[in-house]
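File shown: my_file_34.tsv. Contents: TSV, C-alpha atoms.
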```
chain	number	residue	atom	x	y	z
A	7	MET	CA	0.00	0.00	0.00
A	8	LEU	CA	2.82	2.39	0.91
A	9	LYS	CA	4.60	1.69	-2.38
A	10	SER	CA	1.39	2.38	-4.28
A	11	LEU	CA	0.95	5.66	-2.37
A	12	ASP	CA	4.55	6.58	-3.12
A	13	ARG	CA	4.07	5.95	-6.85
A	14	ASN	CA	0.85	7.95	-6.93
A	15	LEU	CA	2.45	10.89	-5.14
A	16	ASN	CA	5.34	10.89	-7.61
A	17	LYS	CA	2.79	10.95	-10.43
A	18	LEU	CA	1.13	13.92	-8.74
A	19	TYR	CA	4.44	15.80	-8.59
A	20	LYS	CA	5.12	15.06	-12.24
A	21	PHE	CA	1.62	16.18	-13.23
A	22	SER	CA	2.18	19.37	-11.23
A	23	GLY	CA	5.32	19.96	-13.30
A	24	TYR	CA	3.35	19.55	-16.53
A	25	VAL	CA	0.75	22.04	-15.29
A	26	ALA	CA	3.55	24.51	-14.50
A	27	ALA	CA	4.91	24.09	-18.03
A	28	PHE	CA	1.45	24.73	-19.46
A	29	PHE	CA	1.16	28.01	-17.54
A	30	LEU	CA	4.63	29.04	-18.75
A	31	ILE	CA	3.41	28.52	-22.31
A	32	LEU	CA	0.41	30.73	-21.52
A	33	VAL	CA	2.78	33.44	-20.25
A	34	ALA	CA	4.59	33.37	-23.59
A	35	VAL	CA	1.29	33.45	-25.48
A	36	PHE	CA	0.03	36.49	-23.54
A	37	ILE	CA	3.33	38.31	-24.08
A	38	LEU	CA	3.23	37.62	-27.82
A	39	ILE	CA	-0.38	38.82	-27.99
A	40	GLY	CA	0.64	41.99	-26.14
A	41	ILE	CA	3.46	42.63	-28.63
A	42	SER	CA	1.14	41.97	-31.57
A	43	SER	CA	-1.47	44.32	-30.16
A	44	ARG	CA	1.02	47.18	-30.16
A	45	ILE	CA	2.15	46.41	-33.71
A	46	PHE	CA	-1.33	46.07	-35.20
A	47	GLY	CA	-3.05	48.66	-33.04
A	48	PHE	CA	-5.64	46.69	-31.08
A	49	TYR	CA	-6.10	46.51	-27.30
A	50	ILE	CA	-6.96	43.60	-25.02
A	51	ARG	CA	-7.57	44.63	-21.45
A	52	GLY	CA	-5.70	42.83	-18.65
A	53	LEU	CA	-3.00	41.02	-20.64
A	54	ALA	CA	-0.27	42.05	-18.20
A	55	GLU	CA	-2.35	40.85	-15.25
A	56	TYR	CA	-3.09	37.51	-16.93
A	57	SER	CA	0.61	37.02	-17.59
A	58	GLY	CA	1.30	37.67	-13.91
A	59	TYR	CA	-1.34	35.18	-12.80
A	60	CYS	CA	0.08	32.51	-15.09
A	61	MET	CA	3.60	33.21	-13.86
A	62	ALA	CA	2.48	32.81	-10.24
A	63	ALA	CA	0.65	29.58	-11.10
A	64	ALA	CA	3.71	28.21	-12.94
A	65	SER	CA	5.98	29.08	-10.01
A	66	PHE	CA	3.86	27.37	-7.37
A	67	PHE	CA	2.94	24.30	-9.44
A	68	ALA	CA	6.64	23.81	-10.23
A	69	LEU	CA	7.72	23.84	-6.56
A	70	ALA	CA	6.89	20.20	-5.76
A	71	TYR	CA	8.29	18.74	-9.00
A	72	THR	CA	11.48	20.78	-8.73
A	73	PHE	CA	11.95	19.81	-5.09
A	74	VAL	CA	11.55	16.07	-5.73
A	75	GLU	CA	13.90	16.22	-8.74
A	76	GLY	CA	16.57	17.99	-6.68
A	77	GLY	CA	16.31	21.22	-8.66
A	78	HIS	CA	16.17	23.59	-5.69
A	79	ILE	CA	19.40	25.12	-4.42
A	80	ARG	CA	20.61	23.17	-1.40
A	81	ILE	CA	23.48	24.19	0.87
A	82	THR	CA	25.33	20.94	1.59
A	83	LEU	CA	28.47	22.48	3.10
A	84	PHE	CA	27.85	20.80	6.46
A	85	LEU	CA	25.90	17.77	5.28
A	86	GLU	CA	28.68	16.52	3.01
A	87	LYS	CA	31.03	16.38	6.02
A	88	LEU	CA	28.64	14.11	7.93
A	89	SER	CA	27.70	10.48	7.46
A	90	GLY	CA	25.54	7.76	8.96
A	91	VAL	CA	23.27	8.59	11.88
A	92	LYS	CA	24.46	12.19	12.24
A	93	LYS	CA	23.68	13.00	8.61
A	94	LYS	CA	20.28	11.33	8.87
A	95	PHE	CA	19.47	13.34	12.01
A	96	ILE	CA	20.37	16.68	10.37
A	97	GLU	CA	18.48	15.84	7.16
A	98	THR	CA	15.44	14.78	9.18
A	99	TRP	CA	15.54	18.00	11.22
A	100	CYS	CA	15.86	20.16	8.08
A	101	LEU	CA	13.00	18.39	6.33
A	102	GLY	CA	10.90	18.58	9.50
A	103	MET	CA	11.35	22.36	9.67
A	104	ALA	CA	10.70	22.66	5.92
A	105	SER	CA	7.51	20.61	6.35
A	106	PHE	CA	6.34	22.92	9.12
A	107	PHE	CA	6.94	26.15	7.21
A	108	SER	CA	5.61	24.84	3.88
A	109	GLY	CA	2.49	23.60	5.70
A	110	TYR	CA	2.11	27.00	7.37
A	111	LEU	CA	2.42	28.68	3.97
A	112	ALA	CA	-0.10	26.32	2.34
A	113	PHE	CA	-2.57	26.78	5.20
A	114	TYR	CA	-2.62	30.56	4.88
A	115	PHE	CA	-2.80	30.49	1.09
A	116	VAL	CA	-5.88	28.25	1.35
A	117	LYS	CA	-7.30	30.55	4.05
A	118	MET	CA	-6.67	33.58	1.80
A	119	LEU	CA	-8.48	31.79	-1.05
A	120	ILE	CA	-11.51	31.05	1.13
A	121	ILE	CA	-11.72	34.66	2.34
A	122	SER	CA	-11.44	36.03	-1.22
A	123	TYR	CA	-14.16	33.67	-2.40
A	124	LYS	CA	-16.41	34.53	0.54
A	125	PHE	CA	-16.19	38.30	-0.08
A	126	GLN	CA	-16.01	37.99	-3.90
A	127	GLU	CA	-12.98	40.26	-4.07
A	128	ARG	CA	-11.92	41.50	-7.49
A	129	SER	CA	-8.54	42.39	-8.89
A	130	GLU	CA	-7.54	46.06	-8.76
A	131	GLY	CA	-6.02	45.78	-12.23
A	132	ALA	CA	-7.62	46.43	-15.60
A	133	ASP	CA	-8.95	42.87	-15.82
A	134	GLU	CA	-11.13	43.15	-12.66
A	135	ILE	CA	-11.23	39.37	-12.39
A	136	LEU	CA	-12.48	37.63	-9.25
A	137	ILE	CA	-9.22	37.32	-7.35
A	138	TRP	CA	-9.96	33.85	-5.98
A	139	ILE	CA	-9.60	32.41	-9.49
A	140	PRO	CA	-5.83	33.05	-9.80
A	141	GLN	CA	-5.39	32.41	-6.07
A	142	THR	CA	-6.67	28.87	-6.56
A	143	SER	CA	-3.55	27.82	-8.47
A	144	VAL	CA	-1.31	29.32	-5.78
A	145	ALA	CA	-3.19	27.49	-3.01
A	146	ILE	CA	-3.13	24.15	-4.87
A	147	GLY	CA	0.54	24.50	-5.83
A	148	SER	CA	1.63	25.35	-2.28
A	149	THR	CA	-0.40	22.42	-0.90
A	150	ILE	CA	1.24	19.97	-3.31
A	151	PHE	CA	4.62	21.42	-2.33
A	152	PHE	CA	3.86	20.80	1.35
A	153	ILE	CA	2.87	17.21	0.52
A	154	SER	CA	6.14	16.67	-1.36
A	155	VAL	CA	8.28	18.03	1.49
A	156	PHE	CA	6.43	15.98	4.11
A	157	HIS	CA	6.70	12.95	1.83
A	158	GLN	CA	10.48	13.34	1.67
A	159	PHE	CA	10.52	13.83	5.45
A	160	ILE	CA	8.80	10.46	5.96
A	161	LEU	CA	11.07	8.73	3.43
A	162	THR	CA	14.16	10.11	5.20
A	163	ILE	CA	12.95	8.76	8.55
A	164	LYS	CA	12.33	5.32	7.03
A	165	LYS	CA	15.53	5.29	4.97
A	166	ASP	CA	18.31	2.86	5.89
A	167	ASP	CA	21.31	4.73	7.38
A	168	ARG	CA	23.64	2.95	4.97
A	169	CYS	CA	21.92	4.63	2.02
A	170	ILE	CA	22.30	8.16	3.34
A	171	GLY	CA	25.77	8.88	2.01
A	172	TYR	CA	24.75	8.68	-1.64
A	173	TRP	CA	21.48	10.67	-1.49
A	174	HIS	CA	22.79	13.73	-3.34
A	175	ASP	CA	24.65	11.60	-5.89
A	176	VAL	CA	21.37	9.92	-6.77
A	177	ILE	CA	19.73	13.32	-7.31
A	178	TYR	CA	22.41	14.89	-9.46
A	179	LEU	CA	23.25	11.80	-11.54
A	180	LYS	CA	19.54	11.30	-12.25
A	181	THR	CA	19.90	7.64	-11.39
A	182	SER	CA	17.59	5.05	-9.99
A	183	TRP	CA	18.65	3.81	-6.55
A	184	ARG	CA	18.10	0.61	-4.63
A	185	CYS	CA	19.54	-0.32	-1.25
A	186	ASP	CA	19.66	-3.86	0.07
A	187	GLY	CA	19.96	-3.61	3.85
A	188	HIS	CA	20.64	-7.35	4.31
A	189	ASN	CA	24.01	-7.70	2.59
A	190	ASN	CA	25.11	-4.06	2.84
A	191	MET	CA	25.19	-3.63	-0.93
A	192	GLY	CA	23.76	-0.79	-2.98
A	193	HIS	CA	23.23	-0.51	-6.74
A	194	ILE	CA	23.37	2.68	-8.74
A	195	ILE	CA	22.01	2.16	-12.25
A	196	LEU	CA	23.29	4.95	-14.48
A	197	LEU	CA	21.43	6.46	-17.42
A	198	ASP	CA	23.79	4.51	-19.68
A	199	THR	CA	21.87	1.24	-19.97
A	200	TYR	CA	25.04	-0.68	-20.85
A	201	ARG	CA	26.78	0.02	-17.55
A	202	ILE	CA	25.75	-0.92	-14.04
A	203	THR	CA	27.93	0.30	-11.17
A	204	THR	CA	27.79	-1.50	-7.84
A	205	ILE	CA	28.98	0.34	-4.74
A	206	ARG	CA	29.55	-1.25	-1.36
A	207	LEU	CA	28.41	0.88	1.59
A	208	ASP	CA	30.15	0.59	4.92
A	209	GLY	CA	27.57	1.66	7.50
```
Rewritten as structure tokens:
Amino acid sequence: MLKSLDRNLNKLYKFSGYVAAFFLILVAVFILIGISSRIFGFYIRGLAEYSGYCMAAASFFALAYTFVEGGHIRITLFLEKLSGVKKKFIETWCLGMASFFSGYLAFYFVKMLIISYKFQERSEGADEILIWIPQTSVAIGSTIFFISVFHQFILTIKKDDRCIGYWHDVIYLKTSWRCDGHNNMGHIILLDTYRITTIRLDG
């Protein structure tokens, strides 16, 4: 059941990345329409605002996918000097704090969305759109980001200590990783399908 949940969550993060890409395309479309409107002399109200809404949606929907893929900037100056239980403790603490703050952020974005919907607030820009419509993407994106951080927090707690040392290598090499806790062996399968590198981990 846990493996099925893990697979479904990873699909959710990937889908969130696709949604972010879609909104980035919309940003480009709105910019091109704005340029064309100046060249050909027609006016569409609220193009700048719509571009901003799409940019915000793309940013928040991309958070979870980028985090899981290791795309966020991470300061590993101290982590790379640690190993074993100490490294696992620090990683768990960092992810625990990140889970708390991302959950706090998601909670207040959802609360802001509910308040905007309740009072039917409108944008102060030229588009005058109901502001809860663009806020929906921000609330959903931040919630998925919280789920991804908390997911990694749980995986770090459950992870075998002997696998900890190669966590960042797995991220940056874009490899698939499997740890066998019984015989102390780990396998890193590189993108090159003709080569399989086996690394022995010593606690």
query = What's the 7 Å shell around A:Phe36, counting all atoms listed in the file, without same-chain residues fewer than 4 positions away, as a list in words?
reply = Leu32, Gly40, Leu53 and Ser57 of chain A
inquiry  = Considering all atoms listed in the file, can you say which of A:Arg80, A:Arg51, A:Lys117, A:Lys9 comes closest to A:Thr149?
reply    =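 For A:Thr149, the nearest of the given residues is A:Lys117.
Note that the spacing between atom CA of A:Gly58 and atom CA of A:Glu75 amounts to 25.4 Å.
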key: Length of the atom CA of A:Leu30 to atom CA of A:Leu119 vector [Å]   = 22.2 Å
query = With only C-alpha atoms as the basis for distance, which of A:Tyr59, A:Ile146, A:Pro140, A:Val35 is at the shortest distance from A:Glu127?
reply = A:Pro140
query = Closest to A:Phe152 among A:Ile137, A:Leu69, A:Leu88, A:Ile96, using only C-alpha atoms?
reply =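 Of the candidates, the smallest distance to A:Phe152 is held by A:Leu69.
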ask   = Which residue out of A:Val116, A:Ile81, A:Leu8, A:Ile150 has the minimum interatomic distance to A:Gly23 when all atoms listed in the file are used?
value = A:Ile150
key: Among the residues A:Lys87, A:Gly52, A:Ile39, A:Lys20, the one that comes closest to A:Glu130 [using all atoms listed in the file]   = A:Gly52
Of the listed residues A:Glu55, A:Tyr110, A:Val33, A:Ala64, that which approaches A:Ser129 most closely, counting all atoms listed in the file = A:Glu55
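Atom CA of A:Ile160 lies 27.1 Å from atom CA of A:Thr142.
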query = Which polymer residues have any atom within 10 Å of an atom of A:Val25, counting all atoms listed in the file, with same-chain residues fewer than 6 positions away left out, as an MDAnalysis selection string?
reply = chainID A and resid 19 31 63:64 67:68 143 147
Stretch 146-154 of chain A: axis-aligned bounding box, 4 Å on each side, centre and edge lengths in Å, one decimal, as JSON:
```
{"center_x": 1.5, "center_y": 21.0, "center_z": -2.2, "size_x": 17.3, "size_y": 16.7, "size_z": 15.2}
```
key: Contacts of A:Phe106 at 10 Å (all atoms listed in the file; same-chain gap of 6+ positions) as a PyMOL selection string   = chain A and resi 100+112+152+155-156
Selection near A:Arg128, 12 Å with only C-alpha atoms, sequence-local residues under 4 positions removed, as a CSV table (one decimal) with C-alpha atoms, keeping the file's coordinate frame:
```csv
chain,number,residue,atom,x,y,z
A,121,ILE,CA,-11.7,34.7,2.3
A,122,SER,CA,-11.4,36.0,-1.2
A,123,TYR,CA,-14.2,33.7,-2.4
A,124,LYS,CA,-16.4,34.5,0.5
A,132,ALA,CA,-7.6,46.4,-15.6
A,133,ASP,CA,-9.0,42.9,-15.8
A,134,GLU,CA,-11.1,43.2,-12.7
A,135,ILE,CA,-11.2,39.4,-12.4
A,136,LEU,CA,-12.5,37.6,-9.2
A,137,ILE,CA,-9.2,37.3,-7.4
A,138,TRP,CA,-10.0,33.8,-6.0
A,139,ILE,CA,-9.6,32.4,-9.5
A,140,PRO,CA,-5.8,33.0,-9.8
A,141,GLN,CA,-5.4,32.4,-6.1
```
task = Within 9 Å of (16.4, 14.1, 3.2) (coordinates as in the file), grab all the protein and nucleic acid residues, counting all atoms listed in the file, and write them out as number ranges by chain.
result = A: 94, 96-101, 158-163, 170, 173
